[in-house]
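What follows is a single structure, written as C-alpha cells, with notes after it.
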Amino acid sequence: MSAGNAKPRTVVDTNVFVSGMFFPRGKPFALLNAWEREAFRLIITDEQYAELYDVFRRSSLVDRYTLADEIVRTFFHRLNAADRVQPSAAVPIPVRDPKDVPILAAAIGGNADYVVTGDKELLVLRDDPRLGRIAIVTIADFLHVLDTITQPGYQG
C-alpha cells in the first residue's frame, strides 16, 4: 500500500461477509460498515461473487435470520462496485483446506494488501514469506489497521 493510495486493497473471506450480514453486530458487521464507508478497496472474483449469491439465495438461511430483500439487494449492488479481479492460476504455498485456495488466489491475482478472515486454516499461513506483502489478518486486526490509517498525520 503506497502513501498515495491510503485505502488497502483487501480480500474479505466469504464467512466474514456471511457473519456480518446475518448477525448485525460485532466485528464482522463493523467490517461491513467500514466497507460501506469506503475505508478500504474490496477485491472480489467472479467465483466468490457466485458463492455469495448462492448463500444469500438460500431461503432457509435468509428466512431464519430474517434478512430483508432490500438489504440483500443493497449488499449485491455494493459488491458489483468492488474491484473484480482474475484469481491467480497458482498459489505458492500448500493450503490445508482446498476451499481456501480461491481466497488466496484472489489476493494474489488482485495484488491485495490484506486477506481478512476468521478461518484458522488461513490464519496459520499469515507469516509465510511466500505470500510476499499480502497480510492475512483477523477482522479485529484489520479494523485496527483501518483505525491507524485514518488517524491524522498517517503517512503510510
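If you're wondering about the labels, chains in the C-alpha cells are A, B, ... by order shown, residues count from 1 in each chain, ligands from 1 in order shown.
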
Could you pull out all residues of stretch 26-115 of chain A with a DSSP call of strand (DSSP E or B) and give them as a ChimeraX atom specification? /A:41-44,83-84,114-115

So that I can see what lies close to stretch 36-44 of chain A, please list as an MDAnalysis selection string the residues with an atom at most 9 Å from it, counting only C-alpha atoms and leaving out residues fewer than 3 positions away in the same chain. chainID A and resid 6:12 31:33 47:49 78:79 81:87 103 106:107 110 112 146 150

Can you tell me which residues surround A:Leu123 at a distance of at most 9 Å, considering only C-alpha atoms, apart from same-chain residues fewer than 3 positions away, and format the answer as a PyMOL selection string? chain A and resi 117-120+126-127+136-138

Go through A:Tyr65, A:Phe23, A:Trp35, A:Phe17 one by one, measure the shortest atom-to-atom distance of each to A:Tyr53 using only C-alpha atoms, and give the residue with the smallest value. A:Phe17

Taking the DSSP assignment computed from this structure's backbone, write out as number ranges by chain all residues of chain A that belong to alpha helix (DSSP H). A: 14-22, 26-36, 46-56, 59-64, 69-80, 101-109, 120-123, 139-149

Ranking A:Ala90, A:Leu104, A:Ser60, A:Asn80 by minimum distance to A:Asp46 and counting only C-alpha atoms, which one comes first?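 Between A:Ala90, A:Leu104, A:Ser60, A:Asn80, the residue approaching A:Asp46 most closely is A:Asn80.
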
Could you check the closest approach to A:Phe76 for each of A:Leu61, A:Ala135, A:Leu52, A:Val95 and tell me which residue wins, using only C-alpha atoms? A:Leu52

For atom CA of A:Asp54 and atom CA of A:Ser88, the interatomic separation in Å (one decimal): 22.6 Å

Counting only C-alpha atoms, which residue out of A:Leu122, A:Met21, A:Val91, A:Val101 sits closest to A:Arg73?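 Among A:Leu122, A:Met21, A:Val91, A:Val101, it is A:Met21 that comes nearest to A:Arg73.
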
Kindly indicate which residue among A:Val55, A:Thr45, A:Asp97, A:Glu70 lies nearest to A:Asn15, using only C-alpha atoms for the distances.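 Selected residue with least distance to A:Asn15: A:Val55.
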
Please, what distance in Å, to one decimal, runs between atom CA of A:Ala105 and atom CA of A:Ser19?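 Value for the atom CA of A:Ala105-atom CA of A:Ser19 distance: 22.0 Å.
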
One residue among A:Ala140, A:Arg130, A:Pro98, A:Glu121 is nearest to A:Gly26 when using only C-alpha atoms, and that residue is A:Ala140
